[in-house]
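Shown next: my_file25.cif, given as mmCIF, C-alpha atoms, pLDDT in the B column; chains and numbers go by the auth columns.
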```
data_coords
#
loop_
_atom_site.group_PDB
_atom_site.id
_atom_site.type_symbol
_atom_site.label_atom_id
_atom_site.label_comp_id
_atom_site.label_asym_id
_atom_site.label_seq_id
_atom_site.Cartn_x
_atom_site.Cartn_y
_atom_site.Cartn_z
_atom_site.B_iso_or_equiv
_atom_site.auth_seq_id
_atom_site.auth_asym_id
ATOM 1 C CA MET A 1 -13.791 37.896 7.565 59.00 1 J
ATOM 2 C CA LYS A 2 -12.553 36.426 4.275 54.00 2 J
ATOM 3 C CA ILE A 3 -8.975 36.535 5.546 57.00 3 J
ATOM 4 C CA LEU A 4 -9.922 34.689 8.726 46.00 4 J
ATOM 5 C CA LEU A 5 -11.839 32.052 6.775 44.00 5 J
ATOM 6 C CA SER A 6 -8.955 31.637 4.348 50.00 6 J
ATOM 7 C CA ALA A 7 -6.465 31.267 7.207 47.00 7 J
ATOM 8 C CA MET A 8 -8.641 28.644 8.879 51.00 8 J
ATOM 9 C CA MET A 9 -8.944 26.665 5.641 51.00 9 J
ATOM 10 C CA THR A 10 -5.173 26.790 5.115 47.00 10 J
ATOM 11 C CA MET A 11 -4.505 25.583 8.650 49.00 11 J
ATOM 12 C CA THR A 12 -6.969 22.733 8.196 45.00 12 J
ATOM 13 C CA VAL A 13 -5.254 21.593 5.001 38.00 13 J
ATOM 14 C CA LEU A 14 -1.812 21.816 6.588 38.00 14 J
ATOM 15 C CA ALA A 15 -2.925 19.893 9.661 41.00 15 J
ATOM 16 C CA ALA A 16 -4.213 17.060 7.486 39.00 16 J
ATOM 17 C CA ALA A 17 -1.062 16.877 5.328 38.00 17 J
ATOM 18 C CA PRO A 18 1.020 14.437 7.413 45.00 18 J
ATOM 19 C CA ALA A 19 -1.691 11.759 7.395 44.00 19 J
ATOM 20 C CA SER A 20 -2.257 12.043 3.670 40.00 20 J
ATOM 21 C CA ALA A 21 1.470 12.258 2.908 51.00 21 J
ATOM 22 C CA ARG A 22 2.077 8.646 3.925 60.00 22 J
ATOM 23 C CA GLU A 23 3.382 6.595 1.045 69.00 23 J
ATOM 24 C CA ARG A 24 1.399 3.835 -0.577 87.00 24 J
ATOM 25 C CA ASN A 25 3.028 0.438 -0.150 87.00 25 J
ATOM 26 C CA ASP A 26 3.260 -0.073 -3.914 88.00 26 J
ATOM 27 C CA SER A 27 5.040 3.190 -4.733 93.00 27 J
ATOM 28 C CA PRO A 28 8.632 3.042 -6.016 93.00 28 J
ATOM 29 C CA HIS A 29 9.844 4.776 -2.832 95.00 29 J
ATOM 30 C CA SER A 30 8.049 2.260 -0.607 94.00 30 J
ATOM 31 C CA GLU A 31 9.372 -0.681 -2.584 94.00 31 J
ATOM 32 C CA ALA A 32 12.921 0.701 -2.292 95.00 32 J
ATOM 33 C CA CYS A 33 12.423 0.935 1.483 96.00 33 J
ATOM 34 C CA MET A 34 11.198 -2.672 1.502 94.00 34 J
ATOM 35 C CA ALA A 35 14.304 -3.800 -0.366 94.00 35 J
ATOM 36 C CA LYS A 36 16.513 -1.991 2.169 95.00 36 J
ATOM 37 C CA SER A 37 14.623 -3.765 4.951 94.00 37 J
ATOM 38 C CA GLY A 38 15.003 -7.202 3.365 93.00 38 J
ATOM 39 C CA PHE A 39 11.584 -8.020 1.953 93.00 39 J
ATOM 40 C CA ASN A 40 9.353 -7.279 -1.032 92.00 40 J
ATOM 41 C CA LEU A 41 5.769 -6.223 -1.729 93.00 41 J
ATOM 42 C CA ASP A 42 4.478 -9.795 -2.007 93.00 42 J
ATOM 43 C CA MET A 43 5.944 -10.622 1.414 92.00 43 J
ATOM 44 C CA TRP A 44 4.419 -7.438 2.880 91.00 44 J
ATOM 45 C CA ARG A 45 0.983 -8.283 1.508 90.00 45 J
ATOM 46 C CA ALA A 46 1.264 -11.844 2.841 89.00 46 J
ATOM 47 C CA HIS A 47 2.132 -10.490 6.301 86.00 47 J
ATOM 48 C CA SER A 48 5.474 -12.309 6.199 86.00 48 J
ATOM 49 C CA ALA A 49 7.723 -9.272 5.913 84.00 49 J
ATOM 50 C CA GLY A 50 10.263 -10.491 8.440 83.00 50 J
ATOM 51 C CA THR A 51 11.010 -9.377 11.962 92.00 51 J
ATOM 52 C CA ASP A 52 9.422 -6.490 13.817 94.00 52 J
ATOM 53 C CA ALA A 53 12.759 -4.664 13.535 94.00 53 J
ATOM 54 C CA GLN A 54 12.616 -4.957 9.729 94.00 54 J
ATOM 55 C CA VAL A 55 9.034 -3.695 9.674 95.00 55 J
ATOM 56 C CA LEU A 56 9.955 -0.726 11.897 95.00 56 J
ATOM 57 C CA ARG A 57 12.889 0.188 9.607 95.00 57 J
ATOM 58 C CA TYR A 58 10.539 -0.015 6.630 96.00 58 J
ATOM 59 C CA ILE A 59 7.912 2.252 8.199 96.00 59 J
ATOM 60 C CA GLN A 60 10.606 4.752 9.206 96.00 60 J
ATOM 61 C CA CYS A 61 11.949 4.828 5.652 96.00 61 J
ATOM 62 C CA ARG A 62 8.538 4.852 3.953 96.00 62 J
ATOM 63 C CA ASP A 63 7.007 7.592 6.088 96.00 63 J
ATOM 64 C CA GLY A 64 10.163 9.532 7.028 96.00 64 J
ATOM 65 C CA VAL A 65 9.371 9.325 10.747 96.00 65 J
ATOM 66 C CA SER A 66 11.258 8.605 13.973 96.00 66 J
ATOM 67 C CA ALA A 67 11.525 5.148 15.504 95.00 67 J
ATOM 68 C CA ALA A 68 8.881 6.036 18.113 95.00 68 J
ATOM 69 C CA GLN A 69 6.486 7.273 15.435 97.00 69 J
ATOM 70 C CA ALA A 70 7.138 4.166 13.320 95.00 70 J
ATOM 71 C CA LYS A 71 6.335 1.976 16.328 94.00 71 J
ATOM 72 C CA ALA A 72 3.058 3.839 16.903 95.00 72 J
ATOM 73 C CA ILE A 73 2.130 3.494 13.213 95.00 73 J
ATOM 74 C CA GLY A 74 3.041 -0.199 13.192 93.00 74 J
ATOM 75 C CA ILE A 75 0.938 -0.889 16.275 92.00 75 J
ATOM 76 C CA ARG A 76 -1.991 1.146 14.953 93.00 76 J
ATOM 77 C CA ASP A 77 -1.918 -0.571 11.562 92.00 77 J
ATOM 78 C CA HIS A 78 -1.348 -4.053 13.047 91.00 78 J
ATOM 79 C CA ASN A 79 1.923 -4.496 11.157 91.00 79 J
ATOM 80 C CA LEU A 80 3.854 -5.739 14.192 90.00 80 J
ATOM 81 C CA SER A 81 3.621 -9.094 15.943 88.00 81 J
ATOM 82 C CA ALA A 82 0.996 -9.462 18.675 82.00 82 J
ATOM 83 C CA GLY A 83 3.587 -9.589 21.483 80.00 83 J
ATOM 84 C CA PHE A 84 5.529 -6.519 20.325 78.00 84 J
ATOM 85 C CA ARG A 85 5.344 -3.489 22.584 71.00 85 J
#
```
Give the structure from this file in structure tokens form.
Amino acid sequence: MKILLSAMMTMTVLAAAPASARERNDSPHSEACMAKSGFNLDMWRAHSAGTDAQVLRYIQCRDGVSAAQAKAIGIRDHNLSAGFR
């Protein structure tokens, strides 16, 4: 029983890891990704980070995800322009 409980706890922690692994926007890694994408933290916070393409490249770099995943994250977090789909 203890082994089963331990296995379930481990699986729960591992399942939650990708969501909690996302970088903060003010980390050095995130700021380096912003620089590669052509904007900085102040621009990001002011919602003037550039084009949707730049924002997608940033999310891909920051989170280490595919273009499709970056698009889903950008839409979910309202980081992309209203007409972007």
task = Mind giving me the straight-line distance from CA of Trp44 (chain J) to CA of Gln60 (chain J) in Å, one decimal?
result = 15.1 Å
request  = Return as a PyMOL selection string the set of residues that the PyMOL selection byres ((chain J and resi 85) around 10) yields on the displayed structure.
outcome  = chain J and resi 71-72+75+80-84
Please define a box with edges along x, y and z of the file around all atoms of region 59-77 of chain J given in the file, extend it by 6 Å on each side, and return its centre and edge lengths in Å to one decimal, as lines of an AutoDock Vina configuration file.
```
center_x = 5.0
center_y = 4.3
center_z = 11.0
size_x = 25.9
size_y = 22.4
size_z = 26.2
```
request  = Compare J:Met34, J:Ile73, J:His29, J:Met43 by their minimum atom-to-atom distance to Tyr58 (chain J), counting all atoms listed in the file, and give me the closest one.
outcome  = J:Met34
For CA of Asp26 (chain J) and CA of Val65 (chain J), the interatomic separation in Å (one decimal) =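 Answer for the CA of Asp26 (chain J) to CA of Val65 (chain J) separation: 18.5 Å.
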